[in-house]
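Structure data follow from query_4.txt (compact mmCIF, C-alpha atoms):
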```txt
# COMPACT_ATOMS: atom_id res chain seq x y z
CA MET T 1 130.10 85.74 71.01
CA LYS T 2 127.38 83.17 71.43
CA LYS T 3 127.17 81.53 74.79
CA ARG T 4 126.01 78.01 75.41
CA ASN T 5 122.96 78.74 77.53
CA GLU T 6 121.86 81.92 75.81
CA GLY T 7 118.42 80.63 74.83
CA PHE T 8 117.76 79.32 78.32
CA ILE T 9 118.86 82.60 79.94
CA SER T 10 116.63 84.68 77.64
CA LEU T 11 113.67 82.39 78.28
CA SER T 12 114.04 82.59 82.08
CA ALA T 13 114.39 86.39 81.85
CA VAL T 14 111.12 86.59 79.91
CA ILE T 15 109.38 84.29 82.41
CA LEU T 16 110.65 86.33 85.38
CA LEU T 17 109.51 89.59 83.76
CA ALA T 18 106.09 88.11 83.02
CA ALA T 19 105.71 86.93 86.62
CA LEU T 20 106.72 90.37 87.93
CA GLY T 21 104.29 92.08 85.59
CA PHE T 22 101.50 89.75 86.67
CA LEU T 23 102.20 90.46 90.36
CA VAL T 24 102.16 94.22 89.82
CA PHE T 25 99.00 94.00 87.73
CA SER T 26 97.17 91.86 90.32
CA ALA T 27 98.27 94.15 93.17
CA LEU T 28 96.78 97.10 91.28
CA THR T 29 93.49 95.45 90.34
CA ASP T 30 92.74 92.93 93.12
CA GLY T 31 89.40 93.74 94.71
CA ARG T 32 89.78 91.83 97.99
CA PRO T 33 90.00 94.03 101.09
CA GLY T 34 93.51 94.85 102.19
CA LEU T 35 95.16 93.80 98.94
CA ASN T 36 94.19 96.63 96.62
CA ILE T 37 96.41 99.68 96.93
CA GLY T 38 93.43 102.03 97.08
CA SER T 39 91.29 99.88 99.38
CA ALA T 40 92.21 101.30 102.79
CA PRO T 41 91.99 105.01 103.64
CA LEU T 42 95.30 106.66 104.38
CA GLU T 43 94.65 107.04 108.11
CA LYS T 44 94.14 103.31 108.57
CA ARG T 45 97.39 102.20 107.05
CA VAL T 46 100.37 101.10 109.10
CA SER T 47 102.74 103.44 107.30
CA PHE T 48 100.68 106.46 108.33
CA ARG T 49 101.09 105.47 111.97
CA TYR T 50 104.85 105.07 111.58
CA LEU T 51 105.17 108.47 109.98
CA THR T 52 103.04 110.41 112.44
CA LYS T 53 104.66 108.93 115.53
CA SER T 54 106.30 111.86 117.24
CA VAL T 55 108.12 112.63 120.45
CA ASN T 56 106.66 116.13 120.63
CA SER T 57 104.04 116.69 123.29
CA PRO T 58 100.60 115.41 122.18
CA ASP T 59 99.12 118.85 121.44
CA GLN T 60 102.06 119.66 119.17
CA ALA T 61 101.88 116.34 117.32
CA GLU T 62 99.99 116.48 114.05
CA ILE T 63 97.87 113.47 114.98
CA PRO T 64 97.34 113.57 118.74
CA ALA T 65 96.76 109.83 119.07
CA ALA T 66 100.17 109.03 117.63
CA GLY T 67 102.17 111.32 119.94
CA VAL T 68 104.62 109.72 122.34
CA GLU T 69 106.18 111.77 125.10
CA PHE T 70 109.70 111.40 126.42
CA GLY T 71 109.54 109.28 129.54
CA THR T 72 106.86 106.89 128.30
CA SER T 73 107.97 103.37 129.18
CA GLY T 74 107.29 100.14 127.37
CA TYR T 75 106.10 101.83 124.16
CA GLU T 76 106.56 99.56 121.12
CA ASN T 77 110.31 99.47 120.50
CA GLY T 78 111.18 102.34 122.82
CA SER T 79 113.21 104.34 120.31
CA ALA T 80 113.02 108.13 120.24
CA ASN T 81 114.41 108.29 116.70
CA ILE T 82 111.64 107.47 114.29
CA VAL T 83 113.89 106.81 111.31
CA THR T 84 115.86 104.28 113.33
CA SER T 85 112.76 102.55 114.61
CA ILE T 86 111.51 102.15 111.04
CA VAL T 87 114.86 100.96 109.69
CA VAL T 88 115.79 98.54 112.46
CA ASP T 89 112.45 97.47 113.85
CA TYR T 90 109.39 97.84 111.62
CA ARG T 91 111.15 97.31 108.29
CA VAL T 92 114.11 95.26 109.49
CA LEU T 93 113.68 92.73 106.69
CA ASP T 94 114.64 95.45 104.18
CA THR T 95 117.72 96.20 106.28
CA LEU T 96 118.63 92.51 106.21
CA GLY T 97 118.46 92.64 102.41
CA GLU T 98 120.65 95.75 102.44
CA ILE T 99 123.25 93.93 104.56
CA LEU T 100 123.21 91.00 102.15
CA VAL T 101 123.72 93.34 99.18
CA LEU T 102 126.74 94.92 100.88
CA PHE T 103 128.08 91.46 101.69
CA ALA T 104 127.76 90.38 98.05
CA ALA T 105 129.52 93.57 96.89
CA ALA T 106 132.41 93.02 99.32
CA GLY T 107 132.70 89.41 98.20
CA GLY T 108 132.81 90.47 94.54
CA VAL T 109 135.57 93.01 95.19
CA ALA T 110 137.59 90.43 97.13
CA LEU T 111 137.22 87.96 94.25
CA LEU T 112 138.27 90.47 91.58
CA MET T 113 141.17 91.94 93.53
CA GLN T 114 142.65 88.63 94.63
CA GLU T 115 145.44 88.59 92.08
CA ARG T 116 146.69 92.13 92.65
CA ASN T 117 149.38 92.13 95.24
CA LYS T 118 151.98 94.62 94.14
CA LYS T 119 154.31 96.13 96.67
CA ILE T 120 153.86 99.87 97.15
CA GLU T 121 157.15 101.73 96.91
CA GLN T 122 156.09 105.25 97.86
CA GLU T 123 156.24 106.20 101.51
CA ALA T 124 153.65 108.53 103.02
CA SER T 125 154.92 111.96 104.02
CA VAL T 126 155.79 112.91 107.59
CA ILE T 127 152.76 115.22 107.87
CA VAL T 128 150.38 112.41 107.05
CA LYS T 129 152.12 110.00 109.39
CA THR T 130 151.96 112.46 112.30
CA ALA T 131 148.39 113.66 111.80
CA VAL T 132 146.68 110.37 111.01
CA PRO T 133 146.81 108.80 114.52
CA VAL T 134 145.10 111.87 116.03
CA ILE T 135 142.43 112.10 113.32
CA MET T 136 141.91 108.35 113.47
CA LEU T 137 141.24 108.49 117.20
CA PHE T 138 138.57 111.18 116.70
CA ALA T 139 137.01 109.32 113.78
CA LEU T 140 136.79 106.09 115.78
CA VAL T 141 135.18 107.85 118.76
CA VAL T 142 132.67 109.73 116.57
CA GLY T 143 131.84 106.55 114.66
CA ALA T 144 131.23 104.56 117.83
CA TYR T 145 129.07 107.40 119.18
CA ILE T 146 126.96 107.49 116.01
CA VAL T 147 126.49 103.72 116.14
CA ILE T 148 125.60 103.45 119.84
CA ASN T 149 123.39 106.56 119.93
CA GLY T 150 121.36 105.54 116.88
CA HIS T 151 118.12 105.10 118.82
CA LEU T 152 118.19 108.65 120.21
CA SER T 153 119.86 110.89 117.64
CA PRO T 154 120.29 110.76 113.86
CA GLY T 155 122.68 108.11 112.64
CA GLY T 156 123.12 104.44 113.23
CA GLY T 157 124.93 101.35 112.05
CA PHE T 158 125.45 102.22 108.40
CA SER T 159 126.68 105.78 108.79
CA GLY T 160 128.71 105.06 111.92
CA GLY T 161 130.24 102.00 110.31
CA ALA T 162 131.27 104.12 107.32
CA VAL T 163 132.93 106.68 109.61
CA ILE T 164 134.87 103.91 111.40
CA ALA T 165 135.89 102.43 108.05
CA SER T 166 137.21 105.83 106.92
CA ALA T 167 139.47 105.82 109.99
CA PHE T 168 140.90 102.48 108.90
CA ILE T 169 141.37 103.78 105.34
CA LEU T 170 143.45 106.64 106.77
CA GLN T 171 145.54 104.08 108.62
CA PHE T 172 146.14 102.11 105.43
CA LEU T 173 147.11 105.25 103.55
CA ALA T 174 149.57 106.44 106.18
CA PHE T 175 151.28 103.25 107.32
CA ARG T 176 150.80 100.79 104.44
CA LYS T 177 150.23 98.06 106.96
CA ASN T 178 148.82 94.67 106.02
CA PRO T 179 145.38 95.89 104.96
CA ARG T 180 144.20 92.49 103.81
CA SER T 181 144.19 91.00 107.29
CA THR T 182 141.88 88.11 108.03
CA GLY T 183 140.71 89.88 111.19
CA PHE T 184 138.23 91.98 109.21
CA LYS T 185 136.77 88.92 107.53
CA ILE T 186 136.36 87.02 110.79
CA THR T 187 134.74 90.06 112.50
CA GLU T 188 132.38 90.53 109.59
CA THR T 189 131.36 86.88 109.54
CA LEU T 190 130.75 86.76 113.29
CA ALA T 191 128.66 89.96 113.20
CA GLY T 192 126.59 88.66 110.28
CA LEU T 193 125.94 85.37 112.05
CA ALA T 194 124.99 87.24 115.23
CA ILE T 195 122.44 89.34 113.30
CA LEU T 196 120.86 86.18 111.89
CA ALA T 197 120.92 84.54 115.33
CA TYR T 198 119.13 87.57 116.80
CA GLY T 199 116.45 87.28 114.14
CA LEU T 200 116.04 83.57 114.79
CA ILE T 201 115.72 84.09 118.56
CA GLY T 202 112.87 86.51 117.79
CA LEU T 203 111.33 83.89 115.51
CA PHE T 204 111.39 81.14 118.12
CA THR T 205 110.38 83.17 121.19
CA GLN T 206 107.92 85.70 119.73
CA GLY T 207 106.73 84.00 116.57
CA SER T 208 108.09 86.30 113.88
CA LEU T 209 111.54 86.97 112.45
CA PHE T 210 113.41 89.82 114.23
CA ALA T 211 110.60 90.30 116.76
CA ASN T 212 111.49 92.40 119.79
CA PHE T 213 112.12 90.08 122.71
CA LEU T 214 114.09 92.38 125.00
CA PRO T 215 112.71 94.98 127.41
CA THR T 216 112.30 98.35 125.67
CA GLY T 217 112.89 100.72 128.57
CA THR T 218 111.87 104.38 128.70
CA VAL T 219 111.67 106.52 125.58
CA GLY T 220 114.50 109.06 125.52
CA GLU T 221 116.90 107.42 127.96
CA PHE T 222 120.27 106.08 126.87
CA LEU T 223 119.58 102.58 128.16
CA SER T 224 116.42 102.00 126.20
CA ALA T 225 115.34 100.17 123.05
CA SER T 226 117.82 97.38 123.75
CA GLY T 227 116.86 95.39 120.67
CA ILE T 228 117.58 98.33 118.36
CA VAL T 229 120.87 99.14 120.11
CA ILE T 230 122.11 95.54 119.88
CA LEU T 231 121.07 95.11 116.27
CA TYR T 232 122.50 98.46 115.17
CA THR T 233 125.79 97.80 116.97
CA LEU T 234 126.12 94.48 115.15
CA ILE T 235 125.28 96.18 111.84
CA GLY T 236 127.84 98.91 112.55
CA VAL T 237 130.59 96.36 113.27
CA LYS T 238 129.71 94.43 110.13
CA VAL T 239 129.58 97.49 107.87
CA ALA T 240 132.87 98.86 109.26
CA ALA T 241 134.66 95.54 108.77
CA GLU T 242 133.21 95.12 105.28
CA LEU T 243 134.10 98.57 104.01
CA SER T 244 137.59 98.33 105.55
CA ALA T 245 138.10 94.97 103.85
CA VAL T 246 136.92 96.41 100.51
CA SER T 247 139.30 99.35 100.71
CA GLY T 248 142.08 97.03 101.90
CA ASN T 249 141.52 94.93 98.82
CA PHE T 250 141.72 98.02 96.61
CA ILE T 251 144.86 99.32 98.27
CA GLY T 252 146.68 96.01 98.24
CA GLY T 253 150.20 96.29 99.58
CA GLU T 254 152.19 93.63 101.35
CA GLU T 255 150.54 90.84 103.24
CA MET D 1 125.36 121.47 92.87
CA PHE D 2 123.74 120.41 89.61
CA ALA D 3 126.32 122.44 87.72
CA GLY D 4 129.01 120.59 89.66
CA ALA D 5 127.43 117.23 88.87
CA LEU D 6 127.49 118.15 85.18
CA ALA D 7 131.05 119.46 85.48
CA VAL D 8 132.21 116.00 86.66
CA LEU D 9 131.34 114.65 83.22
CA PHE D 10 133.27 117.31 81.31
CA GLN D 11 136.54 117.29 83.23
CA LYS D 12 139.52 116.52 81.04
CA LYS D 13 141.50 114.83 83.79
CA LEU D 14 140.12 111.95 85.83
CA ARG D 15 141.87 113.27 88.94
CA ASN D 16 139.99 116.57 88.74
CA ALA D 17 136.74 114.73 88.09
CA ILE D 18 137.16 112.75 91.33
CA ILE D 19 137.78 115.94 93.32
CA VAL D 20 134.71 117.68 91.85
CA PHE D 21 132.70 114.53 92.57
CA GLY D 22 133.73 114.72 96.24
CA ILE D 23 132.69 118.37 96.39
CA VAL D 24 129.29 117.51 94.88
CA SER D 25 128.89 114.83 97.57
CA LEU D 26 129.64 117.34 100.31
CA LEU D 27 127.17 119.84 98.82
CA SER D 28 124.45 117.20 98.67
CA ALA D 29 125.18 116.35 102.31
CA LEU D 30 124.62 120.05 103.07
CA LEU D 31 121.36 119.91 101.09
CA PHE D 32 120.20 116.89 103.13
CA THR D 33 121.03 118.80 106.32
CA LEU D 34 118.90 121.73 105.17
CA MET D 35 116.06 119.28 104.51
CA LYS D 36 116.53 117.95 108.09
CA ALA D 37 117.47 114.46 106.93
CA TYR D 38 120.47 114.18 109.24
CA ASP D 39 120.77 110.41 108.93
CA VAL D 40 121.18 110.62 105.18
CA ALA D 41 123.54 113.59 105.49
CA ILE D 42 125.95 111.67 107.77
CA THR D 43 125.93 108.67 105.45
CA GLU D 44 126.42 110.82 102.35
CA ALA D 45 129.35 112.70 103.89
CA ALA D 46 131.06 109.50 105.05
CA ILE D 47 130.44 107.31 102.02
CA GLY D 48 130.16 109.80 99.15
CA ALA D 49 132.91 112.21 100.09
CA VAL D 50 135.44 109.96 101.84
CA LEU D 51 135.06 106.29 100.94
CA THR D 52 134.09 106.62 97.28
CA ALA D 53 136.67 109.32 96.58
CA ALA D 54 139.43 107.28 98.25
CA LEU D 55 138.49 104.16 96.31
CA PHE D 56 138.39 106.12 93.04
CA PHE D 57 141.84 107.52 93.73
CA TRP D 58 143.20 104.06 94.36
CA ALA D 59 141.57 102.71 91.22
CA LEU D 60 143.16 105.59 89.27
CA ARG D 61 146.52 104.74 90.77
CA ARG D 62 146.11 101.12 89.72
CA LEU D 63 145.33 102.30 86.19
CA GLU D 64 148.50 104.41 86.18
CA GLU D 65 150.55 101.44 87.37
CA ASP D 66 149.21 99.51 84.42
CA GLY D 67 150.34 102.16 81.97
CA TYR D 68 147.32 104.44 81.70
CA GLU D 69 148.26 108.08 81.17
CA GLU D 70 146.10 111.15 81.62
CA LYS D 71 145.54 113.31 78.57
CA GLU D 72 147.10 116.73 78.92
```
Please, can you express the file's structure as structure tokens?
Amino acid sequence: MKKRNEGFISLSAVILLAALGFLVFSALTDGRPGLNIGSAPLEKRVSFRYLTKSVNSPDQAEIPAAGVEFGTSGYENGSANIVTSIVVDYRVLDTLGEILVLFAAAGGVALLMQERNKKIEQEASVIVKTAVPVIMLFALVVGAYIVINGHLSPGGGFSGGAVIASAFILQFLAFRKNPRSTGFKITETLAGLAILAYGLIGLFTQGSLFANFLPTGTVGEFLSASGIVILYTLIGVKVAAELSAVSGNFIGGEE
Amino acid sequence: MFAGALAVLFQKKLRNAIIVFGIVSLLSALLFTLMKAYDVAITEAAIGAVLTAALFFWALRRLEEDGYEEKE
């Protein structure tokens, strides 16, 4: 089947590929300082500093200058978990892109599944109906813990949000209750707008998008790294609402 | 784990393939734990083993409602 704009689409694909190739080529061969990949020694790059940051005591840290002890206050973003501080602070623009990708995927599923609204005849068994409330309670508590404790221990918004969403999936499976509620969509929209608003506040007060403008506290305490905690909580709420809405769209059932 | 990942492709029934896929996800979560990547392990266990498997099962059910039948 020949489409109307086929020639135009092929031409723009070729142009985009050529531009990408040119960018990669110039990044590899540019001689100006700081632009060439091989221009700076490994120890002087920012990524090296991120990776060697450690909460072990300085003599145990591989690079003594990069060691941060528990109890240090006011250090950069104040997070004890290095993965989290990279994901939500240093490289937060990538995380923003990740959120947008998830949003687009959820929107696509909602668009495709719009028409399907069959009533489900089968009832869930008594065992499922009895066990699900208990399991759901535990899953919600664990998910909230993973989200809120992301700056201290492994985990964070994405994984915690997925755990919370799995609790809602269990609820759908057991009770067949109105999974396509608008509540999820409103929550998701509000959380997404709040993430953008947080980034813009950083832009206007500190001069760069998603800059830290809140006090960072003491490394290792629960009430520390407030920027990371707020951002990761918003991400967790958004991811949980999105994944629940996606599975609700798949499951269908009565409105 | 790799054998399991290959076995997913050669299952005769889609239902069995989904179950083996979930087991492979759990095993890879275990592998991430052994490599001390706990963040990735939590995400893999929640998304790979629970969410994806549940969505696959529902998609399979939709196929069956539309008249798809598994080969015996």
Select, from T:Lys44, T:His151, T:Lys185, T:Lys238, the residue with the minimum atom-to-atom distance to chain D, counting all atoms listed in the file. T:His151
Return the single residue from T:Val163, T:Val219, T:Ala240, T:Ala110 that is closest to chain D, with distances computed using only C-alpha atoms.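 Selected residue with least distance to chain D: T:Val163.
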Using all atoms listed in the file, find each residue of chain T with at least one atom at most 12 Å away from an atom of chain D; report its shortest atom-to-atom pair and that distance in Å (one decimal), sort the rows by chain and rising residue number, and return the result as JSON lines.
```
{"residue": "T:Asn81", "atom": "CA", "partner": "D:Asp39", "partner_atom": "CA", "distance": 10.3}
{"residue": "T:Ile82", "atom": "CA", "partner": "D:Asp39", "partner_atom": "CA", "distance": 11.0}
{"residue": "T:Val83", "atom": "CA", "partner": "D:Asp39", "partner_atom": "CA", "distance": 8.1}
{"residue": "T:Thr84", "atom": "CA", "partner": "D:Asp39", "partner_atom": "CA", "distance": 9.0}
{"residue": "T:Val87", "atom": "CA", "partner": "D:Asp39", "partner_atom": "CA", "distance": 11.2}
{"residue": "T:Val109", "atom": "CA", "partner": "D:Leu55", "partner_atom": "CA", "distance": 11.6}
{"residue": "T:Met113", "atom": "CA", "partner": "D:Ala59", "partner_atom": "CA", "distance": 11.0}
{"residue": "T:Arg116", "atom": "CA", "partner": "D:Arg62", "partner_atom": "CA", "distance": 9.5}
{"residue": "T:Asn117", "atom": "CA", "partner": "D:Arg62", "partner_atom": "CA", "distance": 11.0}
{"residue": "T:Lys118", "atom": "CA", "partner": "D:Glu65", "partner_atom": "CA", "distance": 9.7}
{"residue": "T:Lys119", "atom": "CA", "partner": "D:Glu65", "partner_atom": "CA", "distance": 11.4}
{"residue": "T:Ile120", "atom": "CA", "partner": "D:Glu65", "partner_atom": "CA", "distance": 10.4}
{"residue": "T:Glu121", "atom": "CA", "partner": "D:Glu65", "partner_atom": "CA", "distance": 11.6}
{"residue": "T:Gln122", "atom": "CA", "partner": "D:Arg61", "partner_atom": "CA", "distance": 11.9}
{"residue": "T:Ala139", "atom": "CA", "partner": "D:Ala46", "partner_atom": "CA", "distance": 10.6}
{"residue": "T:Val142", "atom": "CA", "partner": "D:Ile42", "partner_atom": "CA", "distance": 11.2}
{"residue": "T:Gly143", "atom": "CA", "partner": "D:Ala46", "partner_atom": "CA", "distance": 10.1}
{"residue": "T:Ile146", "atom": "CA", "partner": "D:Ile42", "partner_atom": "CA", "distance": 9.3}
{"residue": "T:Val147", "atom": "CA", "partner": "D:Asp39", "partner_atom": "CA", "distance": 11.4}
{"residue": "T:Asn149", "atom": "CA", "partner": "D:Asp39", "partner_atom": "CA", "distance": 11.9}
{"residue": "T:Gly150", "atom": "CA", "partner": "D:Asp39", "partner_atom": "CA", "distance": 9.3}
{"residue": "T:His151", "atom": "CA", "partner": "D:Asp39", "partner_atom": "CA", "distance": 11.5}
{"residue": "T:Leu152", "atom": "CA", "partner": "D:Asp39", "partner_atom": "CA", "distance": 11.7}
{"residue": "T:Ser153", "atom": "CA", "partner": "D:Asp39", "partner_atom": "CA", "distance": 8.8}
{"residue": "T:Pro154", "atom": "CA", "partner": "D:Asp39", "partner_atom": "CA", "distance": 5.0}
{"residue": "T:Gly155", "atom": "CA", "partner": "D:Asp39", "partner_atom": "CA", "distance": 4.8}
{"residue": "T:Gly156", "atom": "CA", "partner": "D:Asp39", "partner_atom": "CA", "distance": 7.7}
{"residue": "T:Gly157", "atom": "CA", "partner": "D:Thr43", "partner_atom": "CA", "distance": 9.9}
{"residue": "T:Phe158", "atom": "CA", "partner": "D:Thr43", "partner_atom": "CA", "distance": 7.1}
{"residue": "T:Ser159", "atom": "CA", "partner": "D:Thr43", "partner_atom": "CA", "distance": 4.5}
{"residue": "T:Gly160", "atom": "CA", "partner": "D:Thr43", "partner_atom": "CA", "distance": 7.9}
{"residue": "T:Gly161", "atom": "CA", "partner": "D:Ala46", "partner_atom": "CA", "distance": 9.2}
{"residue": "T:Ala162", "atom": "CA", "partner": "D:Ala46", "partner_atom": "CA", "distance": 5.8}
{"residue": "T:Val163", "atom": "CA", "partner": "D:Ala46", "partner_atom": "CA", "distance": 5.7}
{"residue": "T:Ile164", "atom": "CA", "partner": "D:Ala46", "partner_atom": "CA", "distance": 9.3}
{"residue": "T:Ala165", "atom": "CA", "partner": "D:Leu51", "partner_atom": "CA", "distance": 8.1}
{"residue": "T:Ser166", "atom": "CA", "partner": "D:Leu51", "partner_atom": "CA", "distance": 6.4}
{"residue": "T:Ala167", "atom": "CA", "partner": "D:Val50", "partner_atom": "CA", "distance": 10.0}
{"residue": "T:Phe168", "atom": "CA", "partner": "D:Leu51", "partner_atom": "CA", "distance": 10.6}
{"residue": "T:Ile169", "atom": "CA", "partner": "D:Leu51", "partner_atom": "CA", "distance": 8.1}
{"residue": "T:Leu170", "atom": "CA", "partner": "D:Ala54", "partner_atom": "CA", "distance": 9.4}
{"residue": "T:Phe172", "atom": "CA", "partner": "D:Ala54", "partner_atom": "CA", "distance": 11.1}
{"residue": "T:Leu173", "atom": "CA", "partner": "D:Ala54", "partner_atom": "CA", "distance": 9.5}
{"residue": "T:Val239", "atom": "CA", "partner": "D:Ile47", "partner_atom": "CA", "distance": 11.5}
{"residue": "T:Ala240", "atom": "CA", "partner": "D:Leu51", "partner_atom": "CA", "distance": 11.4}
{"residue": "T:Leu243", "atom": "CA", "partner": "D:Leu51", "partner_atom": "CA", "distance": 8.4}
{"residue": "T:Ser244", "atom": "CA", "partner": "D:Leu51", "partner_atom": "CA", "distance": 9.5}
{"residue": "T:Ala245", "atom": "CA", "partner": "D:Leu55", "partner_atom": "CA", "distance": 11.9}
{"residue": "T:Val246", "atom": "CA", "partner": "D:Leu55", "partner_atom": "CA", "distance": 9.0}
{"residue": "T:Ser247", "atom": "CA", "partner": "D:Leu55", "partner_atom": "CA", "distance": 6.6}
{"residue": "T:Gly248", "atom": "CA", "partner": "D:Leu55", "partner_atom": "CA", "distance": 9.7}
{"residue": "T:Asn249", "atom": "CA", "partner": "D:Leu55", "partner_atom": "CA", "distance": 10.0}
{"residue": "T:Phe250", "atom": "CA", "partner": "D:Trp58", "partner_atom": "CA", "distance": 6.6}
{"residue": "T:Ile251", "atom": "CA", "partner": "D:Trp58", "partner_atom": "CA", "distance": 6.4}
{"residue": "T:Gly252", "atom": "CA", "partner": "D:Trp58", "partner_atom": "CA", "distance": 9.6}
{"residue": "T:Gly253", "atom": "CA", "partner": "D:Trp58", "partner_atom": "CA", "distance": 11.7}
```
Do you know which residues lie at most 9 Å from (136.2, 91.5, 111.7), with coordinates as in the file and only C-alpha atoms counted, and could you write them as a ChimeraX atom specification? /T:182-191,237-238,240-242,245
Those residues with C-alpha atoms, as a PDB file, in the coordinates of the input please?
```
ATOM      1  CA  THR T 182     141.880  88.110 108.030  1.00  0.00           C
ATOM      2  CA  GLY T 183     140.710  89.880 111.190  1.00  0.00           C
ATOM      3  CA  PHE T 184     138.230  91.980 109.210  1.00  0.00           C
ATOM      4  CA  LYS T 185     136.770  88.920 107.530  1.00  0.00           C
ATOM      5  CA  ILE T 186     136.360  87.020 110.790  1.00  0.00           C
ATOM      6  CA  THR T 187     134.740  90.060 112.500  1.00  0.00           C
ATOM      7  CA  GLU T 188     132.380  90.530 109.590  1.00  0.00           C
ATOM      8  CA  THR T 189     131.360  86.880 109.540  1.00  0.00           C
ATOM      9  CA  LEU T 190     130.750  86.760 113.290  1.00  0.00           C
ATOM     10  CA  ALA T 191     128.660  89.960 113.200  1.00  0.00           C
ATOM     11  CA  VAL T 237     130.590  96.360 113.270  1.00  0.00           C
ATOM     12  CA  LYS T 238     129.710  94.430 110.130  1.00  0.00           C
ATOM     13  CA  ALA T 240     132.870  98.860 109.260  1.00  0.00           C
ATOM     14  CA  ALA T 241     134.660  95.540 108.770  1.00  0.00           C
ATOM     15  CA  GLU T 242     133.210  95.120 105.280  1.00  0.00           C
ATOM     16  CA  ALA T 245     138.100  94.970 103.850  1.00  0.00           C
TER      17      ALA T 245
END
```
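Rounded to one decimal, CA of Leu34 (chain D) and CA of Val20 (chain D) lie 21.1 Å from each other.
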Could you work out how far CA of Leu140 (chain T) lies from CA of Gly78 (chain T), giving the answer in Å with one decimal?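 Taking CA of Gly78 (chain T) as the start and CA of Leu140 (chain T) as the end point, the length is 26.8 Å.
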Which value, in Å to one decimal, gives the distance between CA of Phe2 (chain D) and CA of Leu60 (chain D)? 24.4 Å
What's around Ile99 (chain T) at 10 Å? Count only C-alpha atoms, leave out sequence neighbours fewer than 3 positions away in its own chain, and write the answer as a PyMOL selection string. chain T and resi 93-96+102-105+158+192+195+235+238-239
Okay, now the selection with C-alpha atoms, as a JSON list (two decimals), in the coordinates of the input?
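The resulting file, part.json, is reproduced below:
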```json
[["chain", "number", "residue", "atom", "x", "y", "z"],
["T", 93, "LEU", "CA", 113.68, 92.73, 106.69],
["T", 94, "ASP", "CA", 114.64, 95.45, 104.18],
["T", 95, "THR", "CA", 117.72, 96.20, 106.28],
["T", 96, "LEU", "CA", 118.63, 92.51, 106.21],
["T", 102, "LEU", "CA", 126.74, 94.92, 100.88],
["T", 103, "PHE", "CA", 128.08, 91.46, 101.69],
["T", 104, "ALA", "CA", 127.76, 90.38, 98.05],
["T", 105, "ALA", "CA", 129.52, 93.57, 96.89],
["T", 158, "PHE", "CA", 125.45, 102.22, 108.40],
["T", 192, "GLY", "CA", 126.59, 88.66, 110.28],
["T", 195, "ILE", "CA", 122.44, 89.34, 113.30],
["T", 235, "ILE", "CA", 125.28, 96.18, 111.84],
["T", 238, "LYS", "CA", 129.71, 94.43, 110.13],
["T", 239, "VAL", "CA", 129.58, 97.49, 107.87]]
```
Could you pull the residues within 12 Å of Leu6 (chain D), counting all atoms listed in the file, minus those fewer than 6 positions along the same chain, as a list in words?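 The filter keeps Ala17, Val20, Phe21 and Val24 of chain D.
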Could you put an axis-aligned box around every listed atom of region 55-61 of chain D, padded by 6 Å on each side, and send me its centre and edge lengths in Å to one decimal, as JSON?
```
{"center_x": 142.5, "center_y": 105.1, "center_z": 92.8, "size_x": 20.1, "size_y": 16.8, "size_z": 19.0}
```
Using all atoms listed in the file, find all polymer residues with an atom at most 8 Å away from the point (114.5, 87.8, 114.3); report them as number ranges by chain. T: 196-203, 208-212
Residue neighbourhood Gly22 (chain D), 7 Å, only C-alpha atoms, exclusion window fewer than 5 positions, as a PyMOL selection string: chain D and resi 48-49+53
Please provide as a list in words all residues within 7 Å of region 228-230 of chain T, with the sequence filter that same-chain residues fewer than 6 positions apart are discarded (counting all atoms listed in the file).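 Neighbouring residues, sequence-local ones excluded: Val88, Asp89, Ile148 and His151 of chain T.
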